[in-house]
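A.B. asks: You'll find protein31.tsv just under this line, and it carries TSV, C-alpha atoms.
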chain	number	residue	atom	x	y	z
A	20	MET	CA	-20.96	5.30	23.31
A	21	ALA	CA	-18.04	4.64	25.60
A	22	ASN	CA	-15.72	6.56	27.90
A	23	ILE	CA	-12.35	6.02	26.21
A	24	ALA	CA	-8.83	6.90	27.28
A	25	PHE	CA	-6.51	7.20	24.29
A	26	ILE	CA	-2.76	7.13	25.00
A	27	GLY	CA	-0.37	8.19	22.24
A	28	LEU	CA	-1.36	10.85	19.70
A	29	GLY	CA	1.29	10.49	17.01
A	30	VAL	CA	0.78	10.22	13.26
A	31	MET	CA	-1.31	7.07	13.79
A	32	GLY	CA	-2.88	7.58	17.19
A	33	GLY	CA	-3.98	11.17	16.64
A	34	PRO	CA	-6.22	10.42	13.63
A	35	MET	CA	-7.54	7.21	15.18
A	36	ALA	CA	-8.57	9.06	18.33
A	37	GLY	CA	-10.13	11.72	16.10
A	38	HIS	CA	-12.36	9.13	14.44
A	39	LEU	CA	-13.52	7.95	17.86
A	40	ALA	CA	-14.39	11.51	18.87
A	41	LYS	CA	-16.29	12.03	15.62
A	42	ALA	CA	-18.20	8.80	16.28
A	43	GLY	CA	-19.50	10.31	19.52
A	44	HIS	CA	-17.34	8.60	22.13
A	45	SER	CA	-16.16	10.59	25.15
A	46	LEU	CA	-12.36	10.80	25.12
A	47	THR	CA	-9.66	11.56	27.65
A	48	VAL	CA	-6.25	11.71	25.99
A	49	TYR	CA	-2.66	11.44	27.13
A	50	ASN	CA	0.52	12.08	25.19
A	51	ARG	CA	4.11	12.25	26.42
A	52	SER	CA	4.26	15.72	24.85
A	53	ILE	CA	1.35	17.45	26.57
A	54	GLY	CA	1.33	20.17	23.93
A	55	LYS	CA	0.32	17.63	21.30
A	56	ALA	CA	-2.50	16.41	23.56
A	57	LYS	CA	-3.76	19.96	24.07
A	58	THR	CA	-3.69	20.62	20.32
A	59	TRP	CA	-5.65	17.42	19.70
A	60	ALA	CA	-8.25	18.39	22.32
A	61	GLU	CA	-8.63	21.85	20.80
A	62	THR	CA	-9.45	20.19	17.49
A	63	TYR	CA	-11.68	17.32	18.62
A	64	GLY	CA	-12.78	18.17	22.15
A	65	GLY	CA	-12.28	15.87	25.10
A	66	THR	CA	-10.11	16.07	28.18
A	67	VAL	CA	-6.32	16.08	28.55
A	68	ALA	CA	-4.78	13.94	31.31
A	69	ILE	CA	-1.33	14.42	32.80
A	70	THR	CA	-0.57	10.69	33.23
A	71	PRO	CA	-1.84	7.44	31.67
A	72	ALA	CA	-3.32	6.49	35.04
A	73	LYS	CA	-5.30	9.75	35.21
A	74	ALA	CA	-6.55	9.17	31.67
A	75	ALA	CA	-7.73	5.66	32.58
A	76	GLU	CA	-9.51	6.44	35.87
A	77	GLU	CA	-13.03	6.75	34.44
A	78	ALA	CA	-12.51	4.83	31.23
A	79	ASP	CA	-14.45	1.81	30.05
A	80	ILE	CA	-11.80	1.27	27.38
A	81	VAL	CA	-8.13	2.30	27.25
A	82	ILE	CA	-6.47	2.38	23.81
A	83	SER	CA	-2.74	2.83	23.29
A	84	CYS	CA	-0.65	3.58	20.23
A	85	VAL	CA	2.91	4.35	21.28
A	86	GLY	CA	6.42	3.56	20.04
A	87	ASN	CA	7.96	0.33	21.29
A	88	ASP	CA	8.02	-2.28	24.07
A	89	ASP	CA	9.52	0.09	26.63
A	90	ASP	CA	6.97	2.82	25.88
A	91	LEU	CA	4.11	0.35	26.15
A	92	SER	CA	5.38	-1.13	29.40
A	93	GLN	CA	5.70	2.37	30.87
A	94	ILE	CA	2.23	3.61	29.94
A	95	ALA	CA	0.53	0.36	30.96
A	96	LEU	CA	2.53	-1.00	33.90
A	97	GLY	CA	4.66	1.92	35.09
A	98	ARG	CA	4.24	3.88	38.29
A	99	ASP	CA	1.66	6.13	36.60
A	100	GLY	CA	0.53	3.43	34.16
A	101	ALA	CA	-3.03	2.83	33.04
A	102	PHE	CA	-3.36	-0.62	34.63
A	103	ARG	CA	-3.03	0.92	38.08
A	104	ALA	CA	-6.23	2.90	37.56
A	105	MET	CA	-8.34	0.71	35.28
A	106	ARG	CA	-11.49	-0.78	36.74
A	107	GLU	CA	-12.24	-4.48	36.85
A	108	GLY	CA	-14.05	-5.47	33.67
A	109	SER	CA	-12.55	-2.67	31.58
A	110	LEU	CA	-10.81	-3.25	28.24
A	111	PHE	CA	-7.25	-2.46	27.14
A	112	ILE	CA	-6.56	-2.31	23.37
A	113	ASP	CA	-3.00	-1.83	22.18
A	114	HIS	CA	-2.31	-0.76	18.58
A	115	THR	CA	1.47	-0.44	18.98
A	116	THR	CA	3.66	-2.80	16.96
A	117	VAL	CA	5.63	-4.54	19.70
A	118	SER	CA	6.94	-7.98	20.63
A	119	ALA	CA	4.58	-10.87	21.15
A	120	ARG	CA	6.26	-11.31	24.52
A	121	ILE	CA	4.98	-8.04	25.96
A	122	ALA	CA	1.54	-8.60	24.43
A	123	ARG	CA	1.33	-11.89	26.33
A	124	GLN	CA	2.67	-10.22	29.48
A	125	LEU	CA	-0.03	-7.56	29.36
A	126	PHE	CA	-2.67	-10.23	28.86
A	127	VAL	CA	-1.51	-12.08	31.99
A	128	GLU	CA	-1.18	-8.85	34.01
A	129	GLY	CA	-4.63	-7.81	32.86
A	130	GLU	CA	-6.21	-11.12	33.82
A	131	SER	CA	-4.77	-10.82	37.32
A	132	ARG	CA	-6.52	-7.45	37.68
A	133	GLY	CA	-9.78	-8.37	35.94
A	134	ILE	CA	-8.83	-6.32	32.86
A	135	HIS	CA	-9.47	-7.66	29.37
A	136	SER	CA	-6.59	-7.13	26.92
A	137	VAL	CA	-6.32	-7.21	23.11
A	138	ASP	CA	-3.11	-6.83	21.12
A	139	ALA	CA	-4.23	-5.16	17.91
A	140	PRO	CA	-1.42	-3.88	15.66
A	141	VAL	CA	-2.53	-2.17	12.48
A	142	SER	CA	-1.58	-2.00	8.82
A	143	GLY	CA	-2.40	0.78	6.39
A	144	GLY	CA	-0.05	3.52	7.48
A	145	GLN	CA	-0.76	7.17	8.14
A	146	ALA	CA	-3.17	7.40	5.19
A	147	GLY	CA	-5.14	4.45	6.53
A	148	ALA	CA	-5.37	6.07	9.95
A	149	GLU	CA	-6.46	9.41	8.54
A	150	ASN	CA	-9.05	7.84	6.24
A	151	GLY	CA	-10.36	5.36	8.81
A	152	LYS	CA	-9.39	2.41	6.60
A	153	LEU	CA	-6.88	0.50	8.73
A	154	SER	CA	-6.56	-3.27	8.84
A	155	VAL	CA	-6.37	-4.57	12.40
A	156	MET	CA	-5.02	-8.00	13.42
A	157	CYS	CA	-6.18	-8.97	16.91
A	158	GLY	CA	-4.92	-11.36	19.56
A	159	GLY	CA	-6.96	-12.14	22.66
A	160	THR	CA	-10.11	-13.86	23.82
A	161	GLU	CA	-13.21	-13.88	21.64
A	162	PRO	CA	-15.29	-11.72	24.06
A	163	ALA	CA	-12.50	-9.13	24.40
A	164	VAL	CA	-12.01	-8.86	20.63
A	165	ALA	CA	-15.77	-8.63	20.10
A	166	ALA	CA	-15.94	-5.71	22.54
A	167	ALA	CA	-12.91	-4.05	20.94
A	168	ARG	CA	-14.42	-4.41	17.46
A	169	ILE	CA	-17.32	-2.13	18.40
A	170	VAL	CA	-15.02	0.86	18.89
A	171	MET	CA	-12.27	-0.05	16.41
A	172	GLN	CA	-14.73	0.03	13.53
A	173	ALA	CA	-14.56	3.84	13.79
A	174	TYR	CA	-11.10	3.76	12.16
A	175	ALA	CA	-10.77	0.29	10.63
A	176	ALA	CA	-11.97	-1.21	7.36
A	177	ARG	CA	-10.92	-4.75	8.33
A	178	ILE	CA	-10.72	-6.35	11.78
A	179	ILE	CA	-9.55	-9.96	12.02
A	180	HIS	CA	-9.30	-12.03	15.19
A	181	VAL	CA	-6.24	-14.16	14.43
A	182	GLY	CA	-5.78	-16.04	17.70
A	183	ALA	CA	-4.82	-15.91	21.36
A	184	ALA	CA	-2.84	-13.18	23.11
A	185	GLY	CA	0.27	-12.31	21.10
A	186	ALA	CA	-1.13	-13.61	17.81
A	187	GLY	CA	-1.95	-10.10	16.65
A	188	GLN	CA	1.69	-9.12	17.02
A	189	THR	CA	3.05	-12.22	15.30
A	190	THR	CA	0.62	-11.64	12.43
A	191	LYS	CA	1.93	-8.09	12.09
A	192	MET	CA	5.41	-9.61	11.83
A	193	VAL	CA	4.14	-11.73	8.93
A	194	ASN	CA	2.87	-8.52	7.33
A	195	GLN	CA	6.24	-6.78	7.64
A	196	ILE	CA	8.17	-9.83	6.40
A	197	CYS	CA	6.01	-9.78	3.26
A	198	ILE	CA	6.44	-6.04	2.70
A	199	GLY	CA	10.23	-6.17	3.07
A	200	GLY	CA	10.58	-8.99	0.56
A	201	VAL	CA	8.25	-7.38	-1.97
A	202	LEU	CA	10.03	-4.03	-1.77
A	203	GLN	CA	13.44	-5.59	-2.31
A	204	GLY	CA	12.12	-7.39	-5.39
A	205	LEU	CA	10.54	-4.19	-6.65
A	206	ALA	CA	13.77	-2.23	-6.10
A	207	GLU	CA	15.76	-4.81	-8.06
A	208	ALA	CA	13.20	-4.89	-10.88
A	209	LEU	CA	13.18	-1.10	-11.17
A	210	ARG	CA	16.96	-0.84	-11.32
A	211	PHE	CA	17.09	-3.69	-13.83
A	212	ALA	CA	14.57	-1.88	-16.07
A	213	GLN	CA	16.63	1.31	-15.84
A	214	ALA	CA	19.83	-0.55	-16.71
A	215	ALA	CA	18.06	-2.03	-19.74
A	216	GLU	CA	17.01	1.51	-20.75
A	217	LEU	CA	13.35	0.55	-20.84
A	218	ASP	CA	10.46	3.01	-20.74
A	219	LEU	CA	9.45	2.69	-17.07
A	220	ASP	CA	5.85	3.77	-17.64
A	221	LYS	CA	5.39	1.14	-20.33
A	222	VAL	CA	7.08	-1.51	-18.18
A	223	PHE	CA	4.67	-0.67	-15.36
A	224	ASP	CA	1.67	-0.94	-17.70
A	225	ALA	CA	2.94	-4.28	-18.98
A	226	VAL	CA	3.62	-6.00	-15.65
A	227	SER	CA	1.27	-4.40	-13.14
A	228	GLY	CA	-1.77	-6.21	-14.47
A	229	GLY	CA	-0.31	-9.70	-14.11
A	230	ALA	CA	1.17	-11.97	-11.47
A	231	ALA	CA	3.85	-9.42	-10.54
A	232	GLN	CA	1.24	-6.91	-9.39
A	233	SER	CA	1.32	-5.77	-5.74
A	234	TRP	CA	0.18	-2.83	-3.63
A	235	GLN	CA	3.78	-1.68	-3.48
A	236	MET	CA	4.10	-1.76	-7.27
A	237	GLU	CA	0.83	0.12	-7.75
A	238	ASN	CA	1.72	2.81	-5.24
A	239	ARG	CA	5.54	3.04	-5.21
A	240	TRP	CA	6.93	2.13	-8.67
A	241	LYS	CA	6.62	5.64	-10.06
A	242	THR	CA	7.70	7.43	-6.88
A	243	MET	CA	10.73	5.16	-6.51
A	244	ALA	CA	11.70	5.97	-10.09
A	245	GLN	CA	11.46	9.67	-9.17
A	246	ASP	CA	13.60	9.23	-6.02
A	247	SER	CA	10.66	10.43	-3.94
A	248	PHE	CA	10.45	8.81	-0.50
A	249	ASP	CA	8.13	10.91	1.64
A	250	PHE	CA	5.17	8.53	1.88
A	251	GLY	CA	4.64	7.53	5.47
A	252	PHE	CA	6.09	4.51	7.27
A	253	ALA	CA	9.76	5.21	7.91
A	254	VAL	CA	12.83	3.01	7.55
A	255	ASP	CA	13.63	3.45	11.27
A	256	TRP	CA	10.27	1.91	12.18
A	257	MET	CA	10.62	-0.86	9.62
A	258	ARG	CA	13.95	-1.87	11.13
A	259	LYS	CA	12.30	-2.03	14.54
A	260	ASP	CA	9.55	-4.25	13.14
A	261	LEU	CA	11.90	-6.56	11.23
A	262	GLY	CA	13.99	-6.84	14.37
A	263	LEU	CA	10.90	-8.04	16.25
A	264	ALA	CA	10.24	-10.63	13.54
A	265	LEU	CA	13.83	-11.89	13.61
A	266	GLU	CA	13.75	-12.11	17.41
A	267	GLU	CA	10.49	-14.10	17.32
A	268	ALA	CA	11.93	-16.38	14.62
A	269	ARG	CA	14.88	-17.20	16.86
A	270	ALA	CA	12.38	-18.24	19.53
A	271	ASN	CA	10.06	-20.31	17.32
A	272	GLY	CA	12.69	-21.83	15.04
A	273	ALA	CA	11.56	-20.23	11.77
A	274	SER	CA	14.16	-19.44	9.10
A	275	LEU	CA	14.06	-15.88	7.72
A	276	PRO	CA	17.13	-15.49	5.48
A	277	VAL	CA	15.61	-12.92	3.11
A	278	THR	CA	14.19	-10.89	5.99
A	279	ALA	CA	17.60	-10.82	7.68
A	280	MET	CA	19.19	-9.63	4.43
A	281	VAL	CA	16.57	-6.93	3.85
A	282	ASP	CA	16.99	-5.75	7.44
A	283	GLN	CA	20.69	-5.18	6.74
A	284	PHE	CA	19.84	-3.41	3.48
A	285	TYR	CA	17.67	-1.03	5.49
A	286	ALA	CA	20.64	-0.48	7.80
A	287	ASP	CA	22.52	0.68	4.68
A	288	VAL	CA	19.73	3.16	3.94
A	289	GLN	CA	19.93	4.46	7.51
A	290	ALA	CA	23.69	4.95	7.08
A	291	MET	CA	22.91	7.00	3.96
A	292	GLY	CA	20.73	9.32	6.07
A	293	GLY	CA	17.43	7.76	5.03
A	294	GLY	CA	16.10	6.67	8.40
A	295	ARG	CA	13.04	8.93	8.19
A	296	GLN	CA	12.33	8.18	4.53
A	297	ASP	CA	9.61	5.69	3.68
A	298	THR	CA	10.34	2.01	3.20
A	299	SER	CA	10.51	2.23	-0.60
A	300	SER	CA	13.82	4.08	-0.16
A	301	LEU	CA	15.33	0.59	-0.10
A	302	VAL	CA	16.04	1.25	-3.79
A	303	ARG	CA	18.56	3.97	-2.84
A	304	ARG	CA	21.25	1.49	-1.89
A	305	MET	CA	21.26	-0.02	-5.40
A	306	THR	CA	23.39	1.58	-8.11
A	307	ARG	CA	21.40	3.52	-10.67
A	308	ALA	CA	22.38	2.63	-14.23
In C-alpha cells, how does this file's structure come out?
C.D. replies:
Amino acid sequence: MANIAFIGLGVMGGPMAGHLAKAGHSLTVYNRSIGKAKTWAETYGGTVAITPAKAAEEADIVISCVGNDDDLSQIALGRDGAFRAMREGSLFIDHTTVSARIARQLFVEGESRGIHSVDAPVSGGQAGAENGKLSVMCGGTEPAVAAARIVMQAYAARIIHVGAAGAGQTTKMVNQICIGGVLQGLAEALRFAQAAELDLDKVFDAVSGGAAQSWQMENRWKTMAQDSFDFGFAVDWMRKDLGLALEEARANGASLPVTAMVDQFYADVQAMGGGRQDTSSLVRRMTRA
C-alpha cells in the first residue's frame, strides 16, 4: 500500500481516486474546488490538502487528472505545484489528456529533481472510470511504468507501455483520431438509412455483426437515432483533443485531412449549443431526412 496524492477529482479523477481508496491506499486529495475534495473525502476517507504541494509532501506517488496543459503545468510546476514538494525517488503519474510537449517537459523536470514521471492518458470514459475498466497508454521509462502499473491496476483493465516520455499522449491522439473518423462515418450511415426509409433496428442487426461493426455502432447507433446525447465525453473535450492531434501532426509532418474536417464539424455542433453533449452528437449537424 502506498501514500498517494491525487490531484483533480472530476468525473474521471474522482472515481479513479475512489478505487485507490477502496484498494487500501492512503490518499491525500486536492481539487481546485475544495468543496468537491471535501465531499470526496467524506465518501472515501483520506485527507484534503489546500495546495498540490501540500498534497504531495508525504506522498510516494502523485497522480493527476486535470483539464489541459495549463492546468497540468500549474499543479505540477507552479508556485504551489507538486514537484516543489515531491521527494527524490517518488513517482508522478499524469492521466490528463495533454500535449506530448508538456509530457516531455515534465519528464525532463522530474529527472532533474530525481522524480520519476509517466504520462498515462486513459480511454474508456466516465463509465470506465466508475467501473475500474479504463485502458491506459503509458509513456516513460520501463521502471517508472512498472511502478505505476501496481497502483493503476485498481482502476484499469488494460495498461500498455507504448514508449518513451510523450508516447502515451501521442497514442491517445491516435485513439481520438480513430474515434472522430468512426463517428463521422456512423453519422453519415445513420442519416443515409433514414433517408432511404429503412428500419433502423433491422439495419443495425444486419450490419453490426460484420466488418462495419465498431464500439461506437454497438453503443451509439440507437441513441443517435433517438437524438439522445448524454453519454459522457463531451464535444468541448473532443475538440481539445483533436486540436492536440492536429498540432502534433504539424510538428511531425503527418497528414490528417479527415481529422481536420471532423474537428470543424464538431465546431458546428458547438455553434448549435452542443458543446456539453457527447461526441455522437456529430450527427446533429447533418440534415435529417
A.B. asks: Mind checking which residues fall within 7 Å of stretch 61-78 of chain A, counting all atoms listed in the file, ignoring those fewer than 5 positions away in the same chain, and posting them as a list in words?
C.D. replies: Asn22, Ile23, Ala24, Ile26, Gly37, Ala40, Ser45, Leu46, Thr47, Val48, Tyr49, Ala56, Ile94, Asp99, Gly100, Ala101, Arg103, Ala104 and Met105 of chain A
A.B. asks: Provide the atom CA of A:Ser109 to atom CA of A:Ala165 distance in Å, to one decimal place.
C.D. replies: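 Separation of atom CA of A:Ser109 and atom CA of A:Ala165: 13.3 Å.
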A.B. asks: Could you work out how far atom CA of A:Ile53 lies from atom CA of A:Gly29, giving the answer in Å with one decimal?
C.D. replies: 11.8 Å
A.B. asks: Please report the interatomic distance between atom CA of A:Val164 and atom CA of A:Gly187 in Å with one decimal.
C.D. replies: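 According to the coordinates, atom CA of A:Val164 and atom CA of A:Gly187 are separated by 10.9 Å.
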A.B. asks: Just the residues within 9 Å of A:Arg132, please, counting only C-alpha atoms, with nothing from its chain fewer than 6 positions along; format it as a ChimeraX atom specification.
C.D. replies: /A:102,105-108
A.B. asks: Quick one: everything within 12 Å of A:Pro276, counting all atoms listed in the file, minus sequence neighbours fewer than 6 positions away in the same chain. Send it as a PyMOL selection string.
C.D. replies: chain A and resi 196+199-200+261+264-265+268-269+282-283
A.B. asks: Limited to C-alpha atoms, could you put the picked residues into a file as an mmCIF file, in the coordinates of the input?
C.D. replies:
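The file below, again_11.cif, is the result:
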data_model
loop_
_atom_site.group_PDB
_atom_site.id
_atom_site.type_symbol
_atom_site.label_atom_id
_atom_site.label_comp_id
_atom_site.auth_asym_id
_atom_site.auth_seq_id
_atom_site.Cartn_x
_atom_site.Cartn_y
_atom_site.Cartn_z
ATOM 1 C CA ILE A 196 8.170 -9.830 6.400
ATOM 2 C CA GLY A 199 10.230 -6.170 3.070
ATOM 3 C CA GLY A 200 10.580 -8.990 0.560
ATOM 4 C CA LEU A 261 11.900 -6.560 11.230
ATOM 5 C CA ALA A 264 10.240 -10.630 13.540
ATOM 6 C CA LEU A 265 13.830 -11.890 13.610
ATOM 7 C CA ALA A 268 11.930 -16.380 14.620
ATOM 8 C CA ARG A 269 14.880 -17.200 16.860
ATOM 9 C CA ASP A 282 16.990 -5.750 7.440
ATOM 10 C CA GLN A 283 20.690 -5.180 6.740
#
A.B. asks: Which residues are close to stretch 238-242 of chain A, i.e. within 9 Å by all atoms listed in the file, leaving aside same-chain residues fewer than 3 positions away? Reply as a list in words.
C.D. replies: Leu205, Ala206, Leu209, Leu219, Asp220, Phe223, Ser233, Trp234, Gln235, Gln245, Asp246, Ser247, Phe248, Phe250 and Ser299 of chain A
A.B. asks: Just checking: using only C-alpha atoms, which residue out of A:Asp138, A:Ile198, A:Ile169, A:Ala148 ends up closest to A:Gly182?
C.D. replies: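 Answer, going by the shortest atom-to-atom distance: A:Asp138.
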A.B. asks: Restricting the calculation to all atoms listed in the file, which member of A:Ala279, A:Met156, A:Val226, A:Val302 is positioned closest to A:Gly204?
C.D. replies: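 Among the listed residues, the smallest separation from A:Gly204 belongs to A:Val302.
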A.B. asks: Would you give the centre and edge lengths, in Å to one decimal, of a box along x, y and z around the listed atoms of stretch 145-152 of chain A, with 3 Å added to each side, as JSON?
C.D. replies:
{"center_x": -5.6, "center_y": 5.9, "center_z": 7.6, "size_x": 15.6, "size_y": 13.0, "size_z": 10.8}
A.B. asks: Pick out the residues sitting within 12 Å of A:Ser92, and hand them over as a list in words; count only C-alpha atoms, and ignore anything fewer than 6 positions along from it in its own chain.
C.D. replies: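 Here the qualifying residues turn out to be Pro71, Ser83, Cys84, Val85, Gly86, Arg98, Asp99, Gly100, Ala101, Phe102, Asp113, Thr115, Val117, Ser118, Arg120, Ile121, Ala122, Arg123, Gln124, Leu125 and Glu128 of chain A.
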A.B. asks: For each of A:Ala139, A:Ala253, A:Met236, A:Val281, take the minimum atom-to-atom distance to A:Gly185, counting all atoms listed in the file, then give the residue where this is smallest.
C.D. replies: A:Ala139
